[in-house]
file model-v7.txt (compact mmCIF, C-alpha atoms and all ligand atoms)
# COMPACT_ATOMS: atom_id res chain seq x y z
CA MET Q 1 -50.45 118.64 -8.55
CA LYS Q 2 -51.81 115.80 -10.60
CA LEU Q 3 -52.37 112.38 -9.06
CA LYS Q 4 -50.02 109.86 -10.64
CA ALA Q 5 -51.47 106.50 -11.67
CA ASP Q 6 -50.45 103.43 -13.65
CA LEU Q 7 -53.80 103.12 -15.37
CA LEU Q 8 -56.86 105.29 -15.91
CA VAL Q 9 -60.02 103.54 -17.13
CA HIS Q 10 -62.21 106.36 -18.42
CA ASN Q 11 -65.41 106.89 -20.38
CA ILE Q 12 -67.28 104.41 -18.17
CA GLY Q 13 -71.03 104.65 -18.95
CA GLN Q 14 -72.13 103.26 -15.60
CA LEU Q 15 -69.84 102.48 -12.69
CA ILE Q 16 -71.51 100.01 -10.29
CA LEU Q 17 -70.56 100.81 -6.70
CA PRO Q 18 -71.95 98.36 -4.12
CA LYS Q 19 -71.71 99.87 -0.65
CA ALA Q 20 -68.55 99.12 1.28
CA SER Q 21 -69.86 97.81 4.55
CA GLN Q 22 -68.41 96.09 7.63
CA LYS Q 23 -71.37 93.72 7.53
CA PRO Q 24 -73.39 92.08 4.75
CA LEU Q 25 -76.20 94.23 3.34
CA LYS Q 26 -79.54 93.16 4.78
CA GLY Q 27 -83.14 93.58 3.66
CA GLN Q 28 -83.82 97.12 2.45
CA GLU Q 29 -80.07 97.82 2.23
CA MET Q 30 -79.89 95.27 -0.58
CA LYS Q 31 -82.17 97.46 -2.68
CA GLN Q 32 -79.63 100.30 -2.65
CA LEU Q 33 -77.00 100.31 -5.38
CA LYS Q 34 -74.93 103.39 -6.18
CA VAL Q 35 -74.34 103.80 -9.91
CA MET Q 36 -72.09 106.63 -11.11
CA LYS Q 37 -72.65 107.76 -14.69
CA GLU Q 38 -69.82 108.98 -16.95
CA ALA Q 39 -67.18 107.83 -14.54
CA ALA Q 40 -63.51 106.90 -14.43
CA ILE Q 41 -61.22 104.95 -12.10
CA ALA Q 42 -57.48 105.10 -11.58
CA VAL Q 43 -55.15 102.31 -10.46
CA SER Q 44 -51.67 102.46 -8.97
CA GLU Q 45 -49.62 99.41 -7.97
CA GLY Q 46 -52.66 97.18 -8.22
CA MET Q 47 -54.82 99.32 -5.93
CA LEU Q 48 -57.62 101.74 -6.69
CA VAL Q 49 -56.39 105.27 -6.05
CA TRP Q 50 -59.13 107.41 -7.54
CA ILE Q 51 -62.81 107.16 -8.47
CA GLY Q 52 -64.45 110.15 -10.09
CA HIS Q 53 -66.37 111.70 -12.94
CA GLN Q 54 -65.19 111.76 -16.52
CA SER Q 55 -65.09 115.57 -16.32
CA GLU Q 56 -62.39 115.33 -13.61
CA ILE Q 57 -59.90 113.05 -15.36
CA LYS Q 58 -57.55 115.96 -16.09
CA SER Q 59 -56.51 115.72 -12.45
CA ILE Q 60 -54.93 112.30 -13.15
CA ASP Q 61 -51.55 111.75 -14.78
CA ALA Q 62 -51.71 108.12 -15.90
CA ALA Q 63 -49.06 106.02 -17.60
CA GLU Q 64 -51.77 104.20 -19.53
CA TYR Q 65 -55.28 105.21 -20.62
CA TYR Q 66 -58.05 102.70 -21.31
CA ASP Q 67 -61.19 103.92 -23.02
CA ALA Q 68 -64.23 101.96 -21.75
CA GLU Q 69 -66.31 103.40 -24.64
CA GLY Q 70 -69.42 103.91 -22.50
CA LYS Q 71 -69.49 100.36 -21.19
CA THR Q 72 -70.51 99.38 -17.66
CA VAL Q 73 -67.90 98.60 -14.99
CA SER Q 74 -68.43 96.66 -11.76
CA PRO Q 75 -66.30 95.12 -9.03
CA GLY Q 76 -65.06 91.63 -9.90
CA LEU Q 77 -67.80 89.12 -9.13
CA VAL Q 78 -67.49 86.82 -6.12
CA ASP Q 79 -68.69 83.20 -6.29
CA PRO Q 80 -69.12 82.06 -2.66
CA HIS Q 81 -70.06 78.37 -3.18
CA THR Q 82 -68.28 76.08 -5.64
CA HIS Q 83 -67.09 72.48 -5.73
CA LEU Q 84 -64.22 73.48 -8.01
CA VAL Q 85 -61.88 70.52 -7.54
CA PHE Q 86 -63.04 67.04 -8.61
CA GLY Q 87 -62.17 64.12 -10.83
CA GLY Q 88 -64.28 62.81 -13.72
CA SER Q 89 -67.75 63.92 -14.76
CA ARG Q 90 -71.30 62.56 -14.51
CA GLU Q 91 -72.96 63.07 -17.88
CA ASP Q 92 -74.13 59.43 -17.70
CA GLU Q 93 -76.55 60.47 -14.93
CA LEU Q 94 -78.46 62.82 -17.19
CA ALA Q 95 -80.42 59.94 -18.75
CA LEU Q 96 -81.28 58.65 -15.26
CA LYS Q 97 -82.56 62.11 -14.34
CA GLN Q 98 -84.64 62.20 -17.51
CA ALA Q 99 -86.12 58.83 -16.49
CA GLY Q 100 -87.20 60.41 -13.20
CA VAL Q 101 -84.53 59.06 -10.85
CA SER Q 102 -83.96 61.70 -8.16
CA TYR Q 103 -80.63 63.20 -7.04
CA LEU Q 104 -80.82 61.45 -3.64
CA ASP Q 105 -81.82 58.11 -5.26
CA ILE Q 106 -78.77 58.24 -7.51
CA LEU Q 107 -76.62 58.93 -4.45
CA SER Q 108 -78.19 56.12 -2.39
CA LYS Q 109 -77.39 53.66 -5.21
CA GLY Q 110 -73.69 54.57 -5.04
CA GLY Q 111 -73.72 57.14 -7.87
CA GLY Q 112 -73.80 60.92 -7.66
CA ILE Q 113 -71.26 62.30 -5.20
CA LEU Q 114 -69.89 58.78 -4.66
CA SER Q 115 -69.10 58.41 -8.34
CA THR Q 116 -67.13 61.66 -8.23
CA VAL Q 117 -65.40 60.42 -5.06
CA HIS Q 118 -64.22 57.36 -6.98
CA ALA Q 119 -62.74 59.49 -9.79
CA THR Q 120 -61.22 62.03 -7.37
CA ARG Q 121 -59.47 59.33 -5.32
CA LYS Q 122 -57.86 58.01 -8.52
CA ALA Q 123 -56.55 61.40 -9.70
CA SER Q 124 -53.22 62.88 -8.59
CA GLU Q 125 -52.99 66.31 -6.96
CA GLU Q 126 -51.50 67.68 -10.19
CA GLU Q 127 -54.30 66.22 -12.30
CA LEU Q 128 -56.92 67.66 -9.98
CA ALA Q 129 -55.28 71.10 -9.98
CA GLU Q 130 -54.96 71.09 -13.76
CA LYS Q 131 -58.61 70.12 -14.28
CA ALA Q 132 -59.78 72.69 -11.73
CA ALA Q 133 -57.61 75.34 -13.42
CA PHE Q 134 -59.58 74.83 -16.63
CA HIS Q 135 -62.84 75.55 -14.79
CA LEU Q 136 -61.27 78.40 -12.83
CA GLU Q 137 -60.09 80.14 -16.01
CA ARG Q 138 -63.61 79.87 -17.37
CA MET Q 139 -64.94 81.46 -14.16
CA ILE Q 140 -62.49 84.34 -14.53
CA SER Q 141 -63.63 84.79 -18.13
CA TYR Q 142 -67.17 85.23 -16.73
CA GLY Q 143 -66.02 88.04 -14.45
CA VAL Q 144 -65.23 86.20 -11.20
CA THR Q 145 -62.18 87.47 -9.31
CA ALA Q 146 -62.80 85.84 -5.90
CA LEU Q 147 -64.40 82.52 -5.04
CA GLU Q 148 -64.73 79.68 -2.59
CA ALA Q 149 -63.78 76.07 -3.36
CA LYS Q 150 -64.78 73.01 -1.32
CA SER Q 151 -63.26 69.60 -0.78
CA GLY Q 152 -65.66 66.71 -0.16
CA TYR Q 153 -64.85 64.21 -2.90
CA GLY Q 154 -62.35 62.26 -0.84
CA LEU Q 155 -64.28 61.17 2.26
CA GLU Q 156 -60.91 59.97 3.57
CA ARG Q 157 -57.90 61.85 4.88
CA GLU Q 158 -55.55 61.43 1.94
CA THR Q 159 -57.93 62.54 -0.79
CA GLU Q 160 -59.53 65.35 1.21
CA LEU Q 161 -56.07 66.79 1.88
CA LYS Q 162 -55.15 66.24 -1.79
CA GLN Q 163 -58.13 68.34 -2.85
CA LEU Q 164 -57.30 71.08 -0.36
CA ALA Q 165 -53.67 71.05 -1.52
CA ALA Q 166 -54.87 71.43 -5.12
CA VAL Q 167 -56.87 74.52 -4.08
CA LYS Q 168 -53.80 75.91 -2.33
CA LYS Q 169 -51.71 75.37 -5.46
CA LEU Q 170 -54.32 77.20 -7.56
CA SER Q 171 -54.43 80.09 -5.10
CA GLU Q 172 -50.64 80.44 -5.42
CA THR Q 173 -50.75 80.23 -9.23
CA TYR Q 174 -53.78 82.37 -10.07
CA PRO Q 175 -54.25 86.03 -9.15
CA VAL Q 176 -57.81 85.40 -7.89
CA ARG Q 177 -58.68 85.30 -4.21
CA LEU Q 178 -59.46 81.67 -3.43
CA ILE Q 179 -61.08 80.66 -0.15
CA SER Q 180 -60.90 77.00 0.81
CA THR Q 181 -63.59 74.99 2.63
CA PHE Q 182 -63.26 71.53 4.15
CA LEU Q 183 -66.39 69.54 3.29
CA GLY Q 184 -65.29 66.13 4.56
CA PRO Q 185 -68.83 65.21 5.64
CA HIS Q 186 -70.25 65.52 2.10
CA ALA Q 187 -71.60 61.95 1.82
CA ILE Q 188 -71.34 58.69 3.72
CA PRO Q 189 -68.88 56.28 2.09
CA PRO Q 190 -70.39 52.81 1.45
CA SER Q 191 -67.94 51.22 3.90
CA PHE Q 192 -69.50 53.35 6.69
CA LYS Q 193 -73.10 52.95 5.52
CA GLU Q 194 -74.43 51.81 8.90
CA HIS Q 195 -71.79 53.73 10.88
CA SER Q 196 -72.13 57.35 9.86
CA ASP Q 197 -71.19 58.53 13.36
CA GLU Q 198 -67.84 56.80 13.07
CA PHE Q 199 -67.23 58.38 9.70
CA LEU Q 200 -68.17 61.79 11.07
CA GLU Q 201 -65.74 61.29 13.91
CA GLU Q 202 -63.00 60.54 11.40
CA MET Q 203 -63.74 63.74 9.48
CA THR Q 204 -63.94 65.74 12.71
CA GLY Q 205 -60.51 64.35 13.57
CA LEU Q 206 -59.05 66.06 10.50
CA LEU Q 207 -60.12 69.56 11.52
CA GLU Q 208 -57.13 70.29 13.69
CA GLU Q 209 -54.56 69.33 11.06
CA ILE Q 210 -56.44 71.30 8.41
CA LYS Q 211 -56.46 74.39 10.60
CA ARG Q 212 -52.82 73.95 11.63
CA GLU Q 213 -51.64 73.58 8.03
CA ASN Q 214 -53.89 76.46 6.95
CA LEU Q 215 -55.52 74.22 4.34
CA ALA Q 216 -59.02 75.67 4.80
CA GLN Q 217 -60.70 78.74 6.23
CA PHE Q 218 -64.16 77.16 6.54
CA ALA Q 219 -65.81 73.86 7.43
CA ASP Q 220 -69.03 72.67 5.78
CA ILE Q 221 -71.38 69.66 6.02
CA PHE Q 222 -74.17 68.27 3.80
CA CYS Q 223 -77.14 68.27 6.21
CA GLU Q 224 -79.83 66.35 4.32
CA THR Q 225 -82.11 63.30 4.49
CA GLY Q 226 -79.97 60.19 3.99
CA VAL Q 227 -76.75 62.15 4.46
CA PHE Q 228 -76.06 63.91 7.81
CA THR Q 229 -78.66 64.73 10.45
CA ILE Q 230 -79.09 68.00 12.32
CA GLU Q 231 -77.56 66.36 15.39
CA GLN Q 232 -74.48 65.27 13.46
CA SER Q 233 -74.18 68.63 11.73
CA LYS Q 234 -74.28 70.41 15.07
CA ARG Q 235 -71.56 68.16 16.46
CA PHE Q 236 -69.23 68.64 13.48
CA LEU Q 237 -69.74 72.39 13.12
CA THR Q 238 -69.35 72.99 16.86
CA ALA Q 239 -65.99 71.18 16.77
CA ALA Q 240 -64.94 73.21 13.72
CA ARG Q 241 -65.84 76.46 15.44
CA GLU Q 242 -63.85 75.52 18.54
CA ILE Q 243 -60.83 74.94 16.33
CA GLY Q 244 -61.28 78.38 14.80
CA LEU Q 245 -62.69 77.65 11.36
CA GLY Q 246 -65.53 79.64 9.83
CA LEU Q 247 -68.80 77.76 9.37
CA LYS Q 248 -70.92 76.93 6.34
CA ILE Q 249 -73.69 74.40 5.88
CA HIS Q 250 -75.55 72.77 2.98
CA ALA Q 251 -78.94 73.31 4.61
CA ASP Q 252 -82.57 72.58 3.79
CA GLU Q 253 -81.84 71.94 0.10
CA ILE Q 254 -84.30 69.12 -0.42
CA ASP Q 255 -85.99 68.45 2.94
CA PRO Q 256 -86.73 71.01 5.69
CA LEU Q 257 -84.53 69.55 8.44
CA GLY Q 258 -83.84 72.86 10.20
CA GLY Q 259 -80.30 73.41 8.96
CA LEU Q 260 -80.94 77.14 8.67
CA GLU Q 261 -81.94 77.42 12.33
CA LEU Q 262 -78.80 75.47 13.25
CA ALA Q 263 -76.57 77.76 11.15
CA VAL Q 264 -78.01 80.86 12.82
CA SER Q 265 -77.70 79.40 16.31
CA LEU Q 266 -74.01 78.58 15.67
CA GLY Q 267 -73.27 81.99 14.16
CA ALA Q 268 -72.29 80.47 10.80
CA GLU Q 269 -70.96 82.90 8.16
CA SER Q 270 -73.36 81.35 5.66
CA ALA Q 271 -76.23 78.91 5.25
CA ASP Q 272 -76.43 77.63 1.69
CA HIS Q 273 -79.30 76.35 -0.55
CA LEU Q 274 -82.30 76.93 1.80
CA VAL Q 275 -84.93 75.91 -0.78
CA ALA Q 276 -86.96 74.14 1.90
CA ALA Q 277 -86.13 76.53 4.76
CA SER Q 278 -88.92 77.04 7.30
CA ASP Q 279 -90.61 80.36 8.08
CA GLU Q 280 -89.10 80.19 11.57
CA GLY Q 281 -85.67 79.69 10.03
CA ILE Q 282 -86.15 82.70 7.76
CA ALA Q 283 -87.26 84.84 10.71
CA ALA Q 284 -84.16 83.78 12.67
CA LEU Q 285 -81.95 84.43 9.62
CA ALA Q 286 -83.27 87.99 9.33
CA GLU Q 287 -82.16 88.72 12.90
CA SER Q 288 -78.71 87.20 12.40
CA GLY Q 289 -75.37 88.00 10.76
CA THR Q 290 -75.52 84.79 8.70
CA VAL Q 291 -75.64 85.22 4.91
CA ALA Q 292 -78.13 83.10 2.93
CA VAL Q 293 -76.18 81.82 -0.09
CA LEU Q 294 -78.83 80.93 -2.67
CA LEU Q 295 -78.09 78.60 -5.56
CA PRO Q 296 -80.91 78.86 -8.13
CA GLY Q 297 -78.77 77.15 -10.79
CA THR Q 298 -79.05 73.94 -8.77
CA THR Q 299 -82.84 74.16 -8.52
CA PHE Q 300 -82.93 74.77 -12.26
CA TYR Q 301 -80.56 71.90 -13.02
CA LEU Q 302 -82.43 69.46 -10.78
CA GLY Q 303 -85.67 70.46 -12.52
CA LYS Q 304 -87.44 71.48 -9.33
CA GLU Q 305 -90.52 73.70 -9.26
CA GLN Q 306 -89.82 75.31 -5.91
CA TYR Q 307 -87.00 77.88 -5.70
CA ALA Q 308 -85.55 79.36 -2.50
CA LYS Q 309 -87.78 82.08 -1.06
CA ALA Q 310 -85.42 84.98 -1.74
CA ARG Q 311 -88.21 87.56 -1.65
CA GLU Q 312 -89.43 86.46 1.78
CA MET Q 313 -85.84 86.41 3.05
CA ILE Q 314 -84.95 89.89 1.81
CA ASP Q 315 -88.31 91.37 2.76
CA ALA Q 316 -87.90 89.91 6.26
CA GLY Q 317 -84.53 91.72 6.53
CA ALA Q 318 -82.02 88.96 5.69
CA ALA Q 319 -78.71 89.19 3.79
CA VAL Q 320 -78.72 87.18 0.55
CA ALA Q 321 -75.81 86.21 -1.70
CA LEU Q 322 -75.83 84.19 -4.93
CA ALA Q 323 -73.43 81.47 -6.10
CA THR Q 324 -73.08 78.96 -8.92
CA ASP Q 325 -72.67 75.81 -6.74
CA PHE Q 326 -70.50 74.70 -9.66
CA ASN Q 327 -70.18 70.90 -9.29
CA PRO Q 328 -70.29 67.84 -11.56
CA GLY Q 329 -73.72 66.65 -10.41
CA SER Q 330 -76.36 69.17 -9.46
CA CYS Q 331 -75.19 72.37 -11.19
CA VAL Q 332 -72.74 72.01 -14.02
CA THR Q 333 -71.91 75.59 -14.91
CA GLU Q 334 -69.16 78.09 -14.13
CA ASN Q 335 -71.36 80.96 -15.32
CA LEU Q 336 -72.34 83.23 -12.41
CA GLN Q 337 -74.02 85.58 -14.90
CA MET Q 338 -76.51 82.82 -15.72
CA ILE Q 339 -77.25 82.58 -11.98
CA MET Q 340 -77.91 86.34 -11.96
CA SER Q 341 -80.55 85.81 -14.66
CA LEU Q 342 -82.13 82.93 -12.74
CA ALA Q 343 -82.21 85.15 -9.64
CA ALA Q 344 -84.20 87.71 -11.60
CA LEU Q 345 -86.53 85.23 -13.31
CA LYS Q 346 -87.03 82.63 -10.56
CA LEU Q 347 -86.15 84.34 -7.27
CA LYS Q 348 -87.78 87.63 -8.31
CA MET Q 349 -84.80 89.60 -7.10
CA SER Q 350 -84.31 93.13 -8.45
CA ALA Q 351 -81.22 94.07 -10.46
CA GLU Q 352 -79.91 96.09 -7.48
CA GLU Q 353 -80.33 93.13 -5.12
CA ILE Q 354 -78.67 90.79 -7.61
CA TRP Q 355 -75.55 92.95 -8.03
CA ASN Q 356 -75.22 93.27 -4.25
CA ALA Q 357 -75.68 89.50 -3.93
CA VAL Q 358 -72.78 88.64 -6.28
CA THR Q 359 -70.40 91.29 -4.96
CA VAL Q 360 -70.42 92.70 -1.42
CA ASN Q 361 -72.66 90.03 0.17
CA ALA Q 362 -70.92 87.17 -1.61
CA ALA Q 363 -67.60 88.50 -0.29
CA HIS Q 364 -68.97 88.61 3.28
CA ALA Q 365 -70.22 85.01 2.93
CA ILE Q 366 -66.61 83.84 2.48
CA GLY Q 367 -64.91 86.16 4.94
CA LEU Q 368 -63.70 88.64 2.30
CA GLY Q 369 -66.01 91.49 3.26
CA SER Q 370 -63.12 93.89 3.77
CA ARG Q 371 -61.20 92.80 0.66
CA ALA Q 372 -63.45 91.91 -2.28
CA GLY Q 373 -66.81 92.82 -3.77
CA VAL Q 374 -66.62 96.63 -3.79
CA LEU Q 375 -64.67 99.35 -5.58
CA GLU Q 376 -63.18 101.67 -3.02
CA ILE Q 377 -59.97 103.67 -2.80
CA SER Q 378 -57.14 101.61 -1.24
CA ARG Q 379 -58.75 98.31 -2.18
CA GLN Q 380 -57.32 95.90 -4.72
CA ALA Q 381 -58.33 96.94 -8.26
CA ASP Q 382 -60.40 93.90 -9.28
CA PHE Q 383 -63.03 94.96 -11.79
CA VAL Q 384 -64.90 93.89 -14.91
CA ILE Q 385 -65.72 95.92 -18.00
CA TRP Q 386 -69.06 94.66 -19.30
CA ASP Q 387 -70.53 94.88 -22.81
CA ILE Q 388 -73.80 96.15 -21.34
CA PRO Q 389 -75.35 99.63 -21.50
CA ASN Q 390 -76.58 99.64 -17.90
CA TYR Q 391 -76.59 97.42 -14.81
CA GLN Q 392 -80.18 96.24 -15.34
CA TYR Q 393 -79.21 94.71 -18.68
CA LEU Q 394 -77.10 91.80 -17.43
CA PRO Q 395 -79.76 89.57 -15.78
CA TYR Q 396 -82.14 90.39 -18.65
CA HIS Q 397 -79.97 88.95 -21.44
CA PHE Q 398 -79.34 85.43 -20.21
CA GLY Q 399 -77.01 82.52 -20.85
CA VAL Q 400 -74.17 84.39 -22.56
CA ASN Q 401 -70.94 85.99 -21.40
CA HIS Q 402 -71.26 89.78 -21.15
CA ALA Q 403 -67.72 90.30 -19.87
CA ASN Q 404 -65.59 92.43 -22.17
CA SER Q 405 -62.46 92.33 -20.04
CA VAL Q 406 -61.51 91.27 -16.54
CA PHE Q 407 -58.90 93.13 -14.48
CA ILE Q 408 -57.29 91.73 -11.35
CA LYS Q 409 -54.92 93.95 -9.33
CA GLY Q 410 -55.28 96.47 -12.12
CA ILE Q 411 -53.95 94.07 -14.76
CA LYS Q 412 -56.09 92.85 -17.65
CA ARG Q 413 -56.24 89.08 -17.19
CA TRP Q 414 -58.91 88.22 -19.73
CA GLU Q 415 -60.45 89.86 -22.75
CA ARG Q 416 -63.02 88.62 -25.24
CA VAL Q 417 -62.18 88.21 -28.90
CA PRO Q 418 -62.82 91.58 -30.58
CA TYR Q 419 -65.83 92.02 -32.82
CA GLY Q 420 -65.06 92.34 -36.49
CA THR Q 421 -63.45 88.91 -36.60
CA PHE Q 422 -66.03 87.95 -39.21
CA SER Q 423 -66.94 89.70 -42.43
CA LEU Q 424 -68.47 92.95 -41.15
CA PRO Q 425 -65.84 94.81 -39.14
CA GLU Q 426 -68.22 97.59 -38.07
CA ALA Q 427 -71.24 95.38 -37.32
CA GLY Q 428 -70.23 94.51 -33.80
CA LYS Q 429 -69.70 98.15 -32.87
CA ALA Q 430 -73.08 99.30 -34.07
CA GLY Q 431 -74.97 96.47 -32.44
CA ARG Q 432 -72.78 96.20 -29.39
CA PHE Q 433 -75.62 95.70 -26.95
O1 LIG V 501 -71.33 66.44 -6.52
O2 LIG V 501 -73.48 66.36 -6.29
N1 LIG V 501 -75.36 68.88 -3.50
N2 LIG V 501 -73.34 68.24 -3.02
C1 LIG V 501 -74.55 68.54 -2.39
C2 LIG V 501 -73.39 68.37 -4.30
C3 LIG V 501 -74.68 68.77 -4.62
C4 LIG V 501 -72.28 68.14 -5.23
C5 LIG V 501 -72.40 66.91 -6.06
ZN ZN V 502 -72.68 72.61 -2.72

call {"tool": "encode", "arguments": {"input": "model-v7.txt", "output": "structure tokens"}}
result
Amino acid sequence: MKLKADLLVHNIGQLILPKASQKPLKGQEMKQLKVMKEAAIAVSEGMLVWIGHQSEIKSIDAAEYYDAEGKTVSPGLVDPHTHLVFGGSREDELALKQAGVSYLDILSKGGGILSTVHATRKASEEELAEKAAFHLERMISYGVTALEAKSGYGLERETELKQLAAVKKLSETYPVRLISTFLGPHAIPPSFKEHSDEFLEEMTGLLEEIKRENLAQFADIFCETGVFTIEQSKRFLTAAREIGLGLKIHADEIDPLGGLELAVSLGAESADHLVAASDEGIAALAESGTVAVLLPGTTFYLGKEQYAKAREMIDAGAAVALATDFNPGSCVTENLQMIMSLAALKLKMSAEEIWNAVTVNAAHAIGLGSRAGVLEISRQADFVIWDIPNYQYLPYHFGVNHANSVFIKGIKRWERVPYGTFSLPEAGKAGRF
């Protein structure tokens, strides 16, 4: 008896199979990456029903056959830290940055996040959703099939809820898995400049409604000099945990305040940034279930010398994931593949570690460990066919889009323009990689 399937993707040169695991992959486990050569996968009703070798495809009776022509296939990528929904843009700040004005200086003068808050308050929910959809479609085109999106550009009830509603609308419209995070304490509005505790109390007061209306799965806070202290972060995150939300924190990005230690002590799902994390924090991280979500695109974009100590973290036994941090100020890119290259070049992560960090570990960082990030029978068939000859190639060839086609629930949702559009129809084929 042949196994019936809707779709058989065959002639896969390398099939990247991050380990399905109840927990994020830590330390040495991150170095392991199963790669099946000359492989094929079969899909039925949006789910993976078979994974095997090319030589075994006769056992499948598929309605449709898709020849991968020796290309590489991986699970859909997972981007576990984005500020997807916002109004306006901040290209005017680039000249200030060139003149040496720092990110926190721009913020303290009412620019930066506060400028985006101004534009986000003015936009309608529909406008925000439409603008975010443009960025989301670009993310999908880069191979992302699951992601997280934060609020944090309202700093008041109405606009925070408007942002979260826009995320909800996108999650109902797009086939991607979209996880929503409430980041009310993202900056201190000027009207609360000397009263940050009062502002924090207001944001804390929204947690219950957000949970009740299922508007977010996580809560997050920007713990940084001039923004929120460790004390305040602890208060807010503790309240969020009591209400039943998952925890995230923007920790130790610029100054080593101890946000990583706090995240571990609260059992947060992730601690994000960690450029200035202490050795004690890293040691605690390695013993914990918290995932370090590293954002090397932000370090690159802010022009900093010091990158997060990914090597120390992994070698100590920690779980690391990678994300874009896509936002209009400190990392303006939807391209997670570019982040994979920065992880190789700046964080000194190996290709195996990088693939695990943008799939299985990224999924765990946003509570999707049992749903996204791996290719396994009975899981949703979210996968990417890449124009690369092997898995090591992607971080090596930087700054471009290697995705050939992106499948979500077994349906092709994006495909690049075929080669041969120009004058030499065969040129693209010969020089494919
Ligand atoms: O809009 O600048 N770091 N929050 C904390 C951000 C960057 C986003 C932004
Ligand atoms: Zn962020």

call {"tool": "residues_around", "arguments": {"input": "model-v7.txt", "residues": "Thr359 of chain Q", "least_positions_apart": "3", "cutoff": "12 Å", "atoms": "all atoms listed in the file", "output": "MDAnalysis selection string"}}
result
chainID Q and resid 16:21 24:25 30 33 74:80 143:147 320:323 336 340 352:356 362:366 368:375 382:384

call {"tool": "residues_near_ligand", "arguments": {"input": "model-v7.txt", "ligand": "ligand ZN 502 (chain V)", "cutoff": "9 Å", "atoms": "all atoms listed in the file", "output": "mmCIF file with C-alpha atoms, in the coordinates of the input"}}
result
data_model
loop_
_atom_site.group_PDB
_atom_site.id
_atom_site.type_symbol
_atom_site.label_atom_id
_atom_site.label_comp_id
_atom_site.auth_asym_id
_atom_site.auth_seq_id
_atom_site.Cartn_x
_atom_site.Cartn_y
_atom_site.Cartn_z
ATOM 1 C CA HIS Q 81 -70.060 78.370 -3.180
ATOM 2 C CA THR Q 82 -68.280 76.080 -5.640
ATOM 3 C CA HIS Q 83 -67.090 72.480 -5.730
ATOM 4 C CA LYS Q 150 -64.780 73.010 -1.320
ATOM 5 C CA HIS Q 186 -70.250 65.520 2.100
ATOM 6 C CA PHE Q 222 -74.170 68.270 3.800
ATOM 7 C CA ILE Q 249 -73.690 74.400 5.880
ATOM 8 C CA HIS Q 250 -75.550 72.770 2.980
ATOM 9 C CA ASP Q 272 -76.430 77.630 1.690
ATOM 10 C CA HIS Q 273 -79.300 76.350 -0.550
ATOM 11 C CA LEU Q 295 -78.090 78.600 -5.560
ATOM 12 C CA THR Q 298 -79.050 73.940 -8.770
ATOM 13 C CA THR Q 324 -73.080 78.960 -8.920
ATOM 14 C CA ASP Q 325 -72.670 75.810 -6.740
ATOM 15 C CA PHE Q 326 -70.500 74.700 -9.660
ATOM 16 C CA ASN Q 327 -70.180 70.900 -9.290
ATOM 17 C CA SER Q 330 -76.360 69.170 -9.460
ATOM 18 C CA CYS Q 331 -75.190 72.370 -11.190
#

call {"tool": "closest_residue", "arguments": {"input": "model-v7.txt", "among": "Q:Glu269, Q:Glu172, Q:Glu253, Q:Glu312", "to": "ligand LIG 501 (chain V)", "atoms": "all atoms listed in the file"}}
result
Q:Glu253

call {"tool": "atom_distance", "arguments": {"input": "model-v7.txt", "atom1": "atom CA of Ala40 of chain Q", "atom2": "atom CA of Ile12 of chain Q"}}
result
5.9 Å

call {"tool": "axis_aligned_box", "arguments": {"input": "model-v7.txt", "around": "ligand LIG 501 (chain V)", "padding_each_side": "6 Å", "output": "lines of an AutoDock Vina configuration file"}}
result
center_x = -73.3
center_y = 67.6
center_z = -4.5
size_x = 16.0
size_y = 14.5
size_z = 16.1

call {"tool": "residues_near_point", "arguments": {"input": "model-v7.txt", "point": "(-59.5, 107.0, -6.5)", "cutoff": "10 Å", "atoms": "only C-alpha atoms", "output": "short mmCIF file (atom, residue, chain, number, x, y, z; two decimals) with C-alpha atoms, keeping the file's coordinate frame"}}
result
data_model
loop_
_atom_site.label_atom_id
_atom_site.label_comp_id
_atom_site.auth_asym_id
_atom_site.auth_seq_id
_atom_site.Cartn_x
_atom_site.Cartn_y
_atom_site.Cartn_z
CA LEU Q 3 -52.37 112.38 -9.06
CA ALA Q 5 -51.47 106.50 -11.67
CA LEU Q 8 -56.86 105.29 -15.91
CA ALA Q 40 -63.51 106.90 -14.43
CA ILE Q 41 -61.22 104.95 -12.10
CA ALA Q 42 -57.48 105.10 -11.58
CA VAL Q 43 -55.15 102.31 -10.46
CA SER Q 44 -51.67 102.46 -8.97
CA MET Q 47 -54.82 99.32 -5.93
CA LEU Q 48 -57.62 101.74 -6.69
CA VAL Q 49 -56.39 105.27 -6.05
CA TRP Q 50 -59.13 107.41 -7.54
CA ILE Q 51 -62.81 107.16 -8.47
CA GLY Q 52 -64.45 110.15 -10.09
CA ILE Q 60 -54.93 112.30 -13.15
CA LEU Q 375 -64.67 99.35 -5.58
CA GLU Q 376 -63.18 101.67 -3.02
CA ILE Q 377 -59.97 103.67 -2.80
CA SER Q 378 -57.14 101.61 -1.24
CA ARG Q 379 -58.75 98.31 -2.18
#

call {"tool": "residues_around", "arguments": {"input": "model-v7.txt", "residues": "Gln54 of chain Q", "least_positions_apart": "5", "cutoff": "9 Å", "atoms": "only C-alpha atoms", "output": "count of residues only"}}
result
7

call {"tool": "atom_distance", "arguments": {"input": "model-v7.txt", "atom1": "atom CA of Asp197 of chain Q", "atom2": "atom CA of Ser151 of chain Q"}}
result
19.6 Å

call {"tool": "residues_around", "arguments": {"input": "model-v7.txt", "residues": "Glu130 of chain Q", "least_positions_apart": "5", "cutoff": "9 Å", "atoms": "all atoms listed in the file", "output": "list in words"}}
result
Glu125, Ala166 and Leu170 of chain Q
